[in-house]
>>> print(open('coords_6.cif').read())   # mmCIF, C-alpha atoms and all ligand atoms
data_target
loop_
_atom_site.label_atom_id
_atom_site.label_comp_id
_atom_site.auth_asym_id
_atom_site.auth_seq_id
_atom_site.Cartn_x
_atom_site.Cartn_y
_atom_site.Cartn_z
CA MET A 1 -26.73 26.24 1.63
CA THR A 2 -28.03 29.61 2.87
CA LYS A 3 -27.72 32.62 0.56
CA LYS A 4 -27.03 36.28 1.27
CA PHE A 5 -27.66 39.58 -0.41
CA TYR A 6 -25.63 42.57 0.74
CA MET A 7 -25.18 45.84 -1.12
CA PRO A 8 -24.58 48.86 1.11
CA THR A 9 -23.61 51.39 -1.60
CA ARG A 10 -25.81 54.45 -2.19
CA VAL A 11 -25.98 54.79 -5.99
CA PHE A 12 -26.89 57.94 -7.93
CA MET A 13 -27.70 57.51 -11.61
CA GLY A 14 -28.26 59.78 -14.56
CA TYR A 15 -27.02 62.79 -16.47
CA GLU A 16 -25.02 65.21 -14.27
CA CYS A 17 -25.73 63.13 -11.17
CA ILE A 18 -22.49 64.29 -9.52
CA ALA A 19 -23.38 68.00 -9.65
CA LYS A 20 -26.98 67.27 -8.67
CA ASN A 21 -25.99 65.24 -5.60
CA CYS A 22 -22.78 66.99 -4.50
CA GLU A 23 -24.05 67.35 -0.92
CA ALA A 24 -23.60 63.60 -0.52
CA PHE A 25 -19.79 64.03 -0.49
CA LYS A 26 -20.13 65.97 2.78
CA THR A 27 -21.21 62.77 4.53
CA LEU A 28 -17.71 61.33 3.91
CA GLY A 29 -15.49 64.09 5.32
CA LYS A 30 -13.73 67.38 4.64
CA LYS A 31 -10.67 66.33 2.63
CA ALA A 32 -10.53 63.83 -0.25
CA LEU A 33 -7.89 61.99 -2.21
CA ILE A 34 -9.01 61.61 -5.84
CA VAL A 35 -7.57 58.34 -7.19
CA THR A 36 -7.51 57.99 -10.95
CA GLY A 37 -5.60 56.85 -14.04
CA ALA A 38 -3.08 58.88 -16.02
CA SER A 39 -5.33 60.73 -18.40
CA SER A 40 -8.88 59.57 -19.22
CA ALA A 41 -10.59 61.24 -16.23
CA LYS A 42 -9.04 64.56 -17.23
CA LYS A 43 -10.14 64.18 -20.86
CA ASN A 44 -13.69 62.92 -20.33
CA GLY A 45 -14.70 65.61 -17.83
CA SER A 46 -15.27 63.33 -14.83
CA GLU A 47 -12.34 64.71 -12.80
CA HIS A 48 -13.47 68.25 -13.58
CA ASP A 49 -17.04 67.50 -12.46
CA VAL A 50 -15.87 65.87 -9.21
CA LYS A 51 -13.59 68.82 -8.40
CA ALA A 52 -16.39 71.31 -9.18
CA ALA A 53 -18.75 69.38 -6.90
CA LEU A 54 -16.17 69.32 -4.07
CA ASP A 55 -15.46 73.05 -4.50
CA SER A 56 -19.18 73.80 -4.29
CA VAL A 57 -19.52 72.07 -0.93
CA GLY A 58 -16.20 73.27 0.54
CA ILE A 59 -14.29 69.96 0.50
CA SER A 60 -10.55 70.16 -0.17
CA TYR A 61 -8.79 67.54 -2.28
CA LEU A 62 -5.61 66.34 -3.92
CA VAL A 63 -5.13 63.99 -6.85
CA PHE A 64 -3.24 60.69 -7.11
CA ASP A 65 -3.30 59.94 -10.84
CA LYS A 66 -0.75 57.15 -11.05
CA VAL A 67 -3.03 54.11 -11.33
CA MET A 68 -2.13 51.91 -14.30
CA SER A 69 -4.33 49.19 -15.84
CA ASN A 70 -4.22 46.03 -13.70
CA PRO A 71 -2.87 47.99 -10.71
CA THR A 72 0.14 46.71 -8.83
CA ILE A 73 0.64 46.25 -5.11
CA ALA A 74 3.38 48.93 -5.16
CA CYS A 75 0.90 51.41 -6.69
CA VAL A 76 -1.66 51.00 -3.90
CA TYR A 77 0.98 51.31 -1.15
CA GLU A 78 2.19 54.50 -2.84
CA GLY A 79 -1.38 55.85 -2.98
CA ALA A 80 -1.95 54.96 0.68
CA LYS A 81 1.24 56.81 1.63
CA VAL A 82 -0.07 59.94 -0.10
CA ALA A 83 -3.44 59.55 1.67
CA LYS A 84 -1.78 59.19 5.08
CA GLU A 85 0.76 61.98 4.60
CA ASN A 86 -2.02 64.36 3.63
CA ASP A 87 -4.42 63.18 6.30
CA VAL A 88 -7.37 62.76 3.95
CA ASP A 89 -10.78 61.71 5.28
CA PHE A 90 -11.99 59.80 2.25
CA ILE A 91 -11.18 58.45 -1.20
CA ILE A 92 -12.86 59.29 -4.51
CA ALA A 93 -11.96 56.86 -7.30
CA ILE A 94 -12.66 57.87 -10.90
CA GLY A 95 -12.13 55.57 -13.88
CA GLY A 96 -12.45 51.98 -14.95
CA GLY A 97 -11.98 48.97 -12.71
CA SER A 98 -8.28 49.72 -12.26
CA PRO A 99 -8.58 53.08 -10.42
CA MET A 100 -11.66 51.84 -8.56
CA ASP A 101 -9.91 48.68 -7.33
CA ALA A 102 -6.78 50.67 -6.47
CA GLY A 103 -8.99 53.18 -4.60
CA LYS A 104 -10.37 50.39 -2.42
CA ALA A 105 -6.93 49.08 -1.46
CA ILE A 106 -5.70 52.61 -0.81
CA ALA A 107 -8.71 53.28 1.45
CA LEU A 108 -7.90 50.12 3.43
CA LEU A 109 -4.14 50.69 3.66
CA ALA A 110 -4.56 54.34 4.62
CA ALA A 111 -6.71 53.34 7.61
CA GLN A 112 -4.61 50.47 8.97
CA ASP A 113 -1.11 49.03 8.65
CA ILE A 114 -1.14 45.81 6.63
CA ASP A 115 2.12 44.47 5.28
CA ALA A 116 2.29 43.07 1.74
CA ALA A 117 2.54 39.49 3.05
CA ASN A 118 -0.91 39.84 4.66
CA LEU A 119 -2.57 42.03 2.06
CA PHE A 120 -4.81 39.26 0.69
CA SER A 121 -5.32 37.49 4.02
CA GLY A 122 -8.77 38.91 4.79
CA ASN A 123 -7.56 39.51 8.35
CA TYR A 124 -8.19 43.19 8.77
CA GLU A 125 -9.25 45.50 11.54
CA ASN A 126 -12.69 47.04 11.10
CA LYS A 127 -11.22 50.27 9.69
CA VAL A 128 -11.27 51.79 6.21
CA LEU A 129 -11.57 55.28 4.74
CA PRO A 130 -15.02 55.87 3.22
CA MET A 131 -15.15 55.86 -0.57
CA ALA A 132 -17.09 57.44 -3.44
CA PHE A 133 -16.75 55.96 -6.94
CA VAL A 134 -17.31 57.28 -10.45
CA PRO A 135 -17.10 54.42 -12.98
CA THR A 136 -16.10 55.58 -16.47
CA THR A 137 -16.20 52.16 -18.14
CA ALA A 138 -19.24 49.86 -18.15
CA GLY A 139 -17.77 46.54 -17.19
CA THR A 140 -16.31 45.73 -13.82
CA GLY A 141 -19.16 46.85 -11.55
CA SER A 142 -16.42 47.56 -9.00
CA GLU A 143 -18.51 50.49 -7.72
CA VAL A 144 -20.81 47.96 -6.03
CA THR A 145 -18.46 45.10 -5.14
CA GLN A 146 -16.26 44.31 -2.15
CA TYR A 147 -13.32 43.20 -4.32
CA SER A 148 -10.04 44.93 -5.08
CA ILE A 149 -8.18 42.94 -7.70
CA LEU A 150 -4.46 43.56 -7.87
CA THR A 151 -1.56 42.21 -9.92
CA ASN A 152 0.23 39.73 -7.70
CA ASP A 153 3.75 39.16 -9.05
CA GLU A 154 4.65 36.71 -6.32
CA LYS A 155 1.82 34.37 -7.39
CA GLN A 156 2.05 35.40 -11.07
CA THR A 157 -1.66 36.13 -11.28
CA LYS A 158 -4.29 38.63 -10.22
CA THR A 159 -5.49 38.27 -6.64
CA SER A 160 -8.50 39.78 -4.86
CA ILE A 161 -8.68 41.52 -1.57
CA ALA A 162 -12.24 40.62 -0.62
CA SER A 163 -13.85 42.30 2.36
CA ASP A 164 -17.18 43.97 3.08
CA LEU A 165 -15.09 46.92 4.26
CA LEU A 166 -14.37 47.64 0.59
CA PHE A 167 -17.90 48.48 -0.54
CA PRO A 168 -17.89 52.17 -1.47
CA ALA A 169 -20.36 54.38 0.42
CA LEU A 170 -21.37 56.27 -2.75
CA ALA A 171 -21.36 55.66 -6.49
CA PHE A 172 -22.23 58.08 -9.29
CA LEU A 173 -23.25 56.55 -12.61
CA ASP A 174 -23.21 59.05 -15.47
CA ALA A 175 -22.74 57.59 -18.96
CA LYS A 176 -21.69 60.94 -20.44
CA TYR A 177 -18.09 60.25 -19.39
CA MET A 178 -17.95 57.30 -21.79
CA GLU A 179 -18.66 59.30 -24.94
CA TYR A 180 -15.10 58.90 -26.21
CA LEU A 181 -14.34 55.47 -24.76
CA SER A 182 -12.83 53.44 -27.61
CA ILE A 183 -14.98 50.75 -29.21
CA SER A 184 -12.45 48.06 -28.23
CA THR A 185 -12.53 49.01 -24.52
CA THR A 186 -16.31 49.40 -24.75
CA ILE A 187 -16.64 45.85 -26.11
CA ASN A 188 -14.10 44.33 -23.71
CA THR A 189 -15.76 45.89 -20.69
CA ALA A 190 -19.25 44.93 -21.90
CA LEU A 191 -18.05 41.33 -22.14
CA ASP A 192 -16.63 41.57 -18.61
CA ALA A 193 -20.07 42.63 -17.35
CA LEU A 194 -21.76 39.89 -19.39
CA SER A 195 -19.33 37.39 -17.95
CA HIS A 196 -20.12 38.55 -14.40
CA ALA A 197 -23.86 38.10 -14.99
CA VAL A 198 -23.50 34.68 -16.65
CA GLU A 199 -20.91 33.42 -14.15
CA GLY A 200 -23.15 34.64 -11.34
CA MET A 201 -25.85 32.29 -12.63
CA LEU A 202 -23.28 29.48 -12.77
CA SER A 203 -22.12 29.97 -9.18
CA VAL A 204 -23.09 27.77 -6.27
CA LYS A 205 -23.93 31.01 -4.42
CA ALA A 206 -26.55 32.11 -6.99
CA SER A 207 -29.95 32.96 -5.51
CA SER A 208 -33.29 33.94 -7.02
CA VAL A 209 -32.39 37.58 -6.33
CA SER A 210 -28.93 37.47 -7.93
CA ASN A 211 -30.36 35.50 -10.87
CA ALA A 212 -33.05 38.13 -11.45
CA LEU A 213 -30.39 40.84 -11.62
CA ALA A 214 -28.17 38.64 -13.82
CA VAL A 215 -30.93 37.91 -16.34
CA LYS A 216 -31.80 41.62 -16.61
CA SER A 217 -28.13 42.54 -17.01
CA ILE A 218 -27.65 39.91 -19.74
CA GLN A 219 -30.73 41.13 -21.60
CA LEU A 220 -29.60 44.77 -21.46
CA ILE A 221 -26.11 43.93 -22.76
CA MET A 222 -27.36 41.63 -25.53
CA ALA A 223 -29.75 44.36 -26.70
CA CYS A 224 -26.68 46.59 -27.25
CA VAL A 225 -24.76 44.03 -29.35
CA PRO A 226 -26.16 45.22 -32.74
CA ASP A 227 -25.04 48.79 -31.91
CA LEU A 228 -21.59 47.57 -30.84
CA LEU A 229 -21.17 45.60 -34.08
CA SER A 230 -22.37 48.46 -36.20
CA VAL A 231 -19.86 50.90 -34.63
CA LEU A 232 -17.11 48.26 -34.82
CA ASN A 233 -17.75 47.82 -38.53
CA SER A 234 -18.02 51.53 -39.27
CA LYS A 235 -15.01 53.47 -40.52
CA SER A 236 -15.06 56.06 -37.75
CA LYS A 237 -15.49 53.49 -34.95
CA THR A 238 -17.44 56.08 -32.92
CA GLY A 239 -21.05 57.02 -32.49
CA LEU A 240 -22.63 54.93 -29.74
CA GLU A 241 -25.71 56.77 -28.49
CA LEU A 242 -25.71 58.02 -24.90
CA SER A 243 -28.78 55.85 -24.22
CA VAL A 244 -26.83 52.73 -25.28
CA ARG A 245 -23.91 53.75 -23.04
CA GLU A 246 -26.35 54.26 -20.18
CA GLN A 247 -27.92 50.86 -20.73
CA MET A 248 -24.51 49.18 -20.59
CA LEU A 249 -23.55 51.14 -17.46
CA HIS A 250 -26.72 50.01 -15.70
CA ALA A 251 -26.14 46.43 -16.87
CA SER A 252 -22.60 46.50 -15.51
CA PHE A 253 -23.86 47.90 -12.19
CA MET A 254 -26.40 45.04 -11.97
CA ALA A 255 -23.76 42.45 -12.85
CA GLY A 256 -21.51 43.96 -10.16
CA MET A 257 -24.28 43.44 -7.60
CA VAL A 258 -24.51 39.85 -8.83
CA ILE A 259 -20.83 38.97 -8.32
CA ALA A 260 -20.80 40.79 -4.99
CA GLN A 261 -23.09 37.93 -3.86
CA THR A 262 -21.88 35.03 -5.99
CA GLY A 263 -18.22 35.60 -6.83
CA THR A 264 -16.93 34.54 -10.25
CA THR A 265 -16.23 31.09 -11.66
CA ALA A 266 -13.93 29.22 -14.06
CA VAL A 267 -13.93 31.93 -16.73
CA HIS A 268 -12.38 34.58 -14.49
CA ALA A 269 -9.96 32.04 -13.01
CA MET A 270 -8.68 31.20 -16.51
CA GLY A 271 -8.77 34.80 -17.72
CA TYR A 272 -6.34 35.99 -15.03
CA SER A 273 -3.49 34.01 -16.62
CA LEU A 274 -4.29 35.50 -20.03
CA THR A 275 -4.03 38.97 -18.52
CA TYR A 276 -0.96 38.29 -16.38
CA PHE A 277 1.16 36.37 -18.90
CA LYS A 278 -0.17 37.58 -22.25
CA ASP A 279 -1.32 41.09 -21.44
CA ILE A 280 -4.82 40.36 -22.75
CA ASP A 281 -7.32 42.89 -21.43
CA HIS A 282 -9.44 41.52 -18.54
CA GLY A 283 -12.83 41.77 -20.27
CA ARG A 284 -11.49 40.44 -23.56
CA ALA A 285 -9.97 37.45 -21.75
CA ASN A 286 -13.35 36.58 -20.24
CA GLY A 287 -15.17 37.16 -23.53
CA LEU A 288 -12.79 34.79 -25.31
CA LEU A 289 -13.43 31.97 -22.82
CA LEU A 290 -17.08 32.34 -21.84
CA GLY A 291 -18.64 30.51 -24.82
CA GLU A 292 -16.56 27.38 -24.39
CA TYR A 293 -17.21 27.22 -20.65
CA LEU A 294 -20.91 27.41 -21.48
CA ARG A 295 -20.39 24.40 -23.77
CA ILE A 296 -19.02 22.40 -20.80
CA VAL A 297 -22.03 23.50 -18.74
CA GLU A 298 -24.33 22.39 -21.56
CA ARG A 299 -22.66 18.95 -21.63
CA GLU A 300 -23.01 18.46 -17.85
CA GLN A 301 -26.22 20.35 -17.01
CA PRO A 302 -28.22 21.15 -20.15
CA GLU A 303 -31.10 22.77 -18.22
CA LEU A 304 -28.71 25.26 -16.63
CA ALA A 305 -27.16 26.13 -20.00
CA ASP A 306 -30.68 26.49 -21.44
CA ARG A 307 -31.58 29.03 -18.77
CA ILE A 308 -28.56 31.10 -19.73
CA LEU A 309 -29.20 30.78 -23.47
CA LYS A 310 -32.76 31.92 -22.85
CA ALA A 311 -31.49 35.02 -21.00
CA LEU A 312 -29.09 35.63 -23.92
CA SER A 313 -32.04 35.22 -26.36
CA LEU A 314 -30.00 32.65 -28.29
CA SER A 315 -30.73 29.06 -29.21
CA SER A 316 -27.24 27.54 -29.06
CA VAL A 317 -23.73 27.97 -27.69
CA ASN A 318 -22.55 28.20 -31.30
CA ASP A 319 -24.71 31.31 -31.77
CA PHE A 320 -23.02 32.84 -28.73
CA ARG A 321 -19.55 31.96 -30.06
CA GLU A 322 -20.44 33.60 -33.35
CA ILE A 323 -21.27 36.85 -31.54
CA THR A 324 -18.14 36.89 -29.36
CA ASP A 325 -15.99 35.97 -32.39
CA LYS A 326 -17.40 38.95 -34.29
CA LEU A 327 -16.95 41.31 -31.33
CA LEU A 328 -13.41 40.18 -30.49
CA GLY A 329 -11.88 39.80 -33.98
CA GLU A 330 -8.53 38.15 -34.50
CA LYS A 331 -7.34 36.13 -31.51
CA GLU A 332 -3.94 36.03 -29.88
CA ASP A 333 -1.66 33.00 -30.32
CA ILE A 334 -1.46 30.59 -27.43
CA SER A 335 0.97 27.66 -27.21
CA THR A 336 0.33 24.14 -25.93
CA ASP A 337 2.76 24.79 -23.06
CA GLU A 338 0.84 27.92 -22.08
CA ILE A 339 -2.45 25.99 -22.14
CA GLN A 340 -0.96 23.36 -19.81
CA GLN A 341 0.44 26.01 -17.46
CA PHE A 342 -2.69 28.20 -17.35
CA SER A 343 -5.00 25.21 -16.82
CA LYS A 344 -2.85 23.92 -13.98
CA MET A 345 -2.97 27.34 -12.30
CA ALA A 346 -6.71 27.89 -12.82
CA ILE A 347 -7.80 24.49 -11.52
CA GLN A 348 -6.28 25.33 -8.10
CA THR A 349 -8.27 28.53 -7.61
CA LYS A 350 -11.24 28.96 -5.32
CA ASN A 351 -13.30 30.11 -8.33
CA ILE A 352 -13.45 26.47 -9.46
CA ALA A 353 -14.98 25.36 -6.15
CA ASN A 354 -17.52 28.15 -6.73
CA CYS A 355 -18.82 26.55 -9.98
CA ILE A 356 -22.10 24.60 -10.12
CA VAL A 357 -20.49 22.67 -12.98
CA LYS A 358 -16.94 22.04 -11.74
CA PRO A 359 -14.62 21.62 -14.71
CA THR A 360 -11.67 19.21 -14.59
CA GLU A 361 -8.18 20.29 -15.59
CA ASP A 362 -8.76 18.56 -18.94
CA ASP A 363 -11.97 20.56 -19.39
CA LEU A 364 -9.99 23.76 -18.84
CA LYS A 365 -7.46 22.71 -21.48
CA GLU A 366 -10.32 21.99 -23.86
CA ILE A 367 -11.84 25.42 -23.18
CA PHE A 368 -8.51 27.11 -23.99
CA ILE A 369 -8.04 25.02 -27.15
CA LEU A 370 -11.54 25.56 -28.48
CA SER A 371 -11.51 29.27 -27.56
CA PHE A 372 -8.20 30.10 -29.23
CA LEU A 373 -7.52 27.48 -31.83
CA MET A 374 -10.95 27.04 -33.41
P1 LIG B 401 -9.17 50.00 -16.83
O1 LIG B 401 -7.86 49.30 -16.71
O2 LIG B 401 -9.70 50.65 -15.62
O3 LIG B 401 -9.11 51.08 -18.00
C1 LIG B 401 -8.72 50.68 -19.30
C2 LIG B 401 -8.35 51.88 -20.15
O4 LIG B 401 -9.49 52.66 -20.43
C3 LIG B 401 -7.33 52.81 -19.50
O5 LIG B 401 -6.37 53.14 -20.48
C4 LIG B 401 -8.15 54.04 -19.12
O6 LIG B 401 -7.37 55.24 -19.20
C5 LIG B 401 -9.21 54.04 -20.20
N1 LIG B 401 -10.48 54.68 -19.84
C6 LIG B 401 -11.23 54.49 -18.71
N2 LIG B 401 -12.37 55.20 -18.79
C7 LIG B 401 -12.33 55.88 -19.95
C8 LIG B 401 -13.24 56.78 -20.60
N3 LIG B 401 -14.41 57.09 -20.05
N4 LIG B 401 -12.89 57.30 -21.81
C9 LIG B 401 -11.71 56.95 -22.37
N5 LIG B 401 -10.81 56.10 -21.83
C10 LIG B 401 -11.13 55.56 -20.64
O7 LIG B 401 -10.22 48.92 -17.45
P2 LIG B 401 -11.47 48.16 -16.87
O8 LIG B 401 -11.73 47.06 -17.80
O9 LIG B 401 -12.57 49.08 -16.52
O10 LIG B 401 -10.95 47.55 -15.49
C11 LIG B 401 -10.17 46.39 -15.47
C12 LIG B 401 -9.70 46.12 -14.05
O11 LIG B 401 -10.84 45.89 -13.22
C13 LIG B 401 -8.84 44.87 -13.97
O12 LIG B 401 -7.78 45.10 -13.07
C14 LIG B 401 -9.80 43.82 -13.43
O13 LIG B 401 -9.15 42.78 -12.75
C15 LIG B 401 -10.67 44.66 -12.50
N6 LIG B 401 -11.99 44.10 -12.19
C16 LIG B 401 -12.50 44.33 -10.94
C17 LIG B 401 -13.73 43.82 -10.55
C18 LIG B 401 -14.24 44.09 -9.18
O14 LIG B 401 -15.28 43.57 -8.78
N7 LIG B 401 -13.56 44.90 -8.40
C19 LIG B 401 -14.49 43.07 -11.46
C20 LIG B 401 -13.96 42.84 -12.74
C21 LIG B 401 -12.73 43.38 -13.09
P3 LIG B 401 -6.68 55.92 -17.88
O15 LIG B 401 -5.69 54.92 -17.38
O16 LIG B 401 -6.08 57.16 -18.38
O17 LIG B 401 -7.79 56.15 -16.89
FE FE B 402 -14.33 40.82 -14.27
#
>>> encode(input="coords_6.cif", output="structure tokens")
Amino acid sequence: MTKKFYMPTRVFMGYECIAKNCEAFKTLGKKALIVTGASSAKKNGSEHDVKAALDSVGISYLVFDKVMSNPTIACVYEGAKVAKENDVDFIIAIGGGSPMDAGKAIALLAAQDIDAANLFSGNYENKVLPMAFVPTTAGTGSEVTQYSILTNDEKQTKTSIASDLLFPALAFLDAKYMEYLSISTTINTALDALSHAVEGMLSVKASSVSNALAVKSIQLIMACVPDLLSVLNSKSKTGLELSVREQMLHASFMAGMVIAQTGTTAVHAMGYSLTYFKDIDHGRANGLLLGEYLRIVEREQPELADRILKALSLSSVNDFREITDKLLGEKEDISTDEIQQFSKMAIQTKNIANCIVKPTEDDLKEIFILSFLM
């Protein structure tokens, strides 16, 4: 099998990187639609900084701030309508994975007519509005991936639009916007990034290059775990240093570059049902399942599991479970019927074909049981 590495996004990193590189916006056009969630971008200063940068280089803009978590298809069509009616040249998405993924779909739908029935078909014309992204969580890596993951009510799951057209042109990584990100979202998103890096190493598309990025990402995230636990166990639940935030943001960016090459595997396939049916946050869902998938990998291919444990600086899957159990706290209830249903759905996904260690439907049931009931 031949491997590829493609990552066309120009990434700026560091404190105040938006203000310091505002000229870059001029390469995308003269009028922008800022796509964001309801409130966090206003509170954490990122929307203000983007607007100030646009003002300083004479770019006009309007704001679409209606993106909810796990964005819907209706939301992205609404955003695209606003983009078209106002004749914008480009999209700036600010926020976590939800506004970034919505921004990608809006950029695509504003440039060409695609009806909802064909939205996930991959059959698109070579047209999209250019995009600039400002991630304000450290988890999805969406700023450097070609995926837009939307809630798909018809299929009762989350489905990706995957196309190289969806890589943003620019990304600005400034950890200062995460100062007030809650510890629970910080942990959930960190586990999403960790899951991307580990699943990347467990994908049939893994290469020496993606593995190098994955190992580094895993090491950076694991080095932050003591800080995460200490804040989680403190009364105030705040106080992560900016340098720790920055480390997690860089790790999530690296893990994003990994899945842009490798895709995700069984863990994400199973996690989508937990999010769709049980409203469990995306990163938390992956964090809950990752340890038990690793156990299946260890049973089938111990050397592969060893490589991952080495990157995690741990000696056993049980040690990993202990860490995720501490980070994730009390687990949600899951019924036997739900386990049957979710396993049946996950086994049919293309993520399973993407696994080096392909689990059976019974393996998936076992992962759910051991993850939730033990
Ligand atoms: P999110 O849904 O984007 O945001 C979660 C919450 O955090 C929202 O309430 C948001 O508030 C808030 N928030 C965001 N940044 C904040 C900040 N700096 N300070 C305080 N609050 C902040 O969560 P996410 O985990 O980052 O993204 C999850 C989505 O990404 C899912 O839909 C998942 O499927 C997708 N995903 C995509 C990829 C990809 O490659 N494209 C990979 C993995 C996951 P507001 O709503 O007010 O902004
Ligand atoms: Fe993810």
>>> closest_residue(input="coords_6.cif", among="A:Gly139, A:Leu309, A:Tyr180, A:Leu373", to="ligand FE 402 (chain B)", atoms="all atoms listed in the file")
A:Gly139
>>> closest_atom_pairs(input="coords_6.cif", of="chain A", to="ligand LIG 401 (chain B)", cutoff="7 Å", atoms="only C-alpha atoms and all ligand atoms", output="Markdown table")
| residue | atom | partner | partner_atom | distance |
| --- | --- | --- | --- | --- |
| A:Thr36 | CA | B:LIG401 | O17 | 6.2 |
| A:Gly37 | CA | B:LIG401 | O17 | 3.7 |
| A:Ala38 | CA | B:LIG401 | O16 | 4.2 |
| A:Ser39 | CA | B:LIG401 | O16 | 3.6 |
| A:Ser40 | CA | B:LIG401 | O16 | 3.8 |
| A:Ala41 | CA | B:LIG401 | O17 | 5.8 |
| A:Asn44 | CA | B:LIG401 | N4 | 5.9 |
| A:Val67 | CA | B:LIG401 | O15 | 6.7 |
| A:Met68 | CA | B:LIG401 | O15 | 5.6 |
| A:Ser69 | CA | B:LIG401 | O1 | 3.6 |
| A:Asn70 | CA | B:LIG401 | O12 | 3.7 |
| A:Pro71 | CA | B:LIG401 | O12 | 6.2 |
| A:Gly95 | CA | B:LIG401 | N2 | 4.9 |
| A:Gly96 | CA | B:LIG401 | O2 | 3.1 |
| A:Gly97 | CA | B:LIG401 | O10 | 3.3 |
| A:Ser98 | CA | B:LIG401 | O2 | 3.8 |
| A:Pro99 | CA | B:LIG401 | O2 | 5.8 |
| A:Asp101 | CA | B:LIG401 | N7 | 5.4 |
| A:Thr136 | CA | B:LIG401 | N3 | 4.2 |
| A:Thr137 | CA | B:LIG401 | N2 | 4.9 |
| A:Ala138 | CA | B:LIG401 | O9 | 6.9 |
| A:Gly139 | CA | B:LIG401 | O9 | 5.8 |
| A:Thr140 | CA | B:LIG401 | C20 | 3.9 |
| A:Gly141 | CA | B:LIG401 | O14 | 5.8 |
| A:Ser142 | CA | B:LIG401 | N7 | 4.0 |
| A:Thr145 | CA | B:LIG401 | O14 | 5.1 |
| A:Gln146 | CA | B:LIG401 | O14 | 6.7 |
| A:Tyr147 | CA | B:LIG401 | N7 | 4.4 |
| A:Ser148 | CA | B:LIG401 | N7 | 4.8 |
| A:Ile149 | CA | B:LIG401 | O13 | 5.1 |
| A:Leu150 | CA | B:LIG401 | O12 | 6.4 |
| A:Lys158 | CA | B:LIG401 | O13 | 6.9 |
| A:Tyr177 | CA | B:LIG401 | N3 | 4.9 |
| A:Met178 | CA | B:LIG401 | N3 | 4.0 |
| A:Glu179 | CA | B:LIG401 | N3 | 6.8 |
| A:Tyr180 | CA | B:LIG401 | N4 | 5.2 |
| A:Leu181 | CA | B:LIG401 | N4 | 3.8 |
| A:Ser182 | CA | B:LIG401 | C9 | 6.4 |
| A:Thr185 | CA | B:LIG401 | O4 | 6.3 |
| A:Asn188 | CA | B:LIG401 | O8 | 6.9 |
| A:Thr189 | CA | B:LIG401 | O8 | 5.1 |
| A:Asp192 | CA | B:LIG401 | C20 | 6.6 |
| A:Gly256 | CA | B:LIG401 | O14 | 6.4 |
| A:His282 | CA | B:LIG401 | C14 | 5.6 |
| A:Gly283 | CA | B:LIG401 | O8 | 5.9 |
>>> residues_near_point(input="coords_6.cif", point="(-15.0, 69.1, -11.7)", cutoff="12 Å", atoms="only C-alpha atoms", output="ChimeraX atom specification")
/A:16,18-19,22,34,41-56,61,94
>>> write_last_selection(input="coords_6.cif", atoms="C-alpha atoms", output="PDB file, in the coordinates of the input")
ATOM      1  CA  GLU A  16     -25.020  65.210 -14.270  1.00  0.00           C
ATOM      2  CA  ILE A  18     -22.490  64.290  -9.520  1.00  0.00           C
ATOM      3  CA  ALA A  19     -23.380  68.000  -9.650  1.00  0.00           C
ATOM      4  CA  CYS A  22     -22.780  66.990  -4.500  1.00  0.00           C
ATOM      5  CA  ILE A  34      -9.010  61.610  -5.840  1.00  0.00           C
ATOM      6  CA  ALA A  41     -10.590  61.240 -16.230  1.00  0.00           C
ATOM      7  CA  LYS A  42      -9.040  64.560 -17.230  1.00  0.00           C
ATOM      8  CA  LYS A  43     -10.140  64.180 -20.860  1.00  0.00           C
ATOM      9  CA  ASN A  44     -13.690  62.920 -20.330  1.00  0.00           C
ATOM     10  CA  GLY A  45     -14.700  65.610 -17.830  1.00  0.00           C
ATOM     11  CA  SER A  46     -15.270  63.330 -14.830  1.00  0.00           C
ATOM     12  CA  GLU A  47     -12.340  64.710 -12.800  1.00  0.00           C
ATOM     13  CA  HIS A  48     -13.470  68.250 -13.580  1.00  0.00           C
ATOM     14  CA  ASP A  49     -17.040  67.500 -12.460  1.00  0.00           C
ATOM     15  CA  VAL A  50     -15.870  65.870  -9.210  1.00  0.00           C
ATOM     16  CA  LYS A  51     -13.590  68.820  -8.400  1.00  0.00           C
ATOM     17  CA  ALA A  52     -16.390  71.310  -9.180  1.00  0.00           C
ATOM     18  CA  ALA A  53     -18.750  69.380  -6.900  1.00  0.00           C
ATOM     19  CA  LEU A  54     -16.170  69.320  -4.070  1.00  0.00           C
ATOM     20  CA  ASP A  55     -15.460  73.050  -4.500  1.00  0.00           C
ATOM     21  CA  SER A  56     -19.180  73.800  -4.290  1.00  0.00           C
ATOM     22  CA  TYR A  61      -8.790  67.540  -2.280  1.00  0.00           C
ATOM     23  CA  ILE A  94     -12.660  57.870 -10.900  1.00  0.00           C
TER      24      ILE A  94
END
>>> residues_around(input="coords_6.cif", residues="range 161-176 of chain A", least_positions_apart="3", cutoff="6 Å", atoms="only C-alpha atoms", output="list in words")
Thr9, Arg10, Val11, Phe12, Met13, Gly14, Tyr15, Lys104, Phe120, Met131, Ala132, Phe133, Val134, Thr145, Gln146, Tyr147, Ser148, Glu179, Arg245 and Glu246 of chain A
>>> axis_aligned_box(input="coords_6.cif", around="range 332-337 of chain A", padding_each_side="8 Å", output="AutoDock Vina command-line options")
--center_x -0.6 --center_y 30.1 --center_z -26.7 --size_x 22.7 --size_y 27.9 --size_z 23.3
>>> atom_distance(input="coords_6.cif", atom1="CA of Ala80 in chain A", atom2="CA of Ala24 in chain A")
23.3 Å
>>> atom_distance(input="coords_6.cif", atom1="CA of Ala190 in chain A", atom2="CA of Met248 in chain A")
6.9 Å
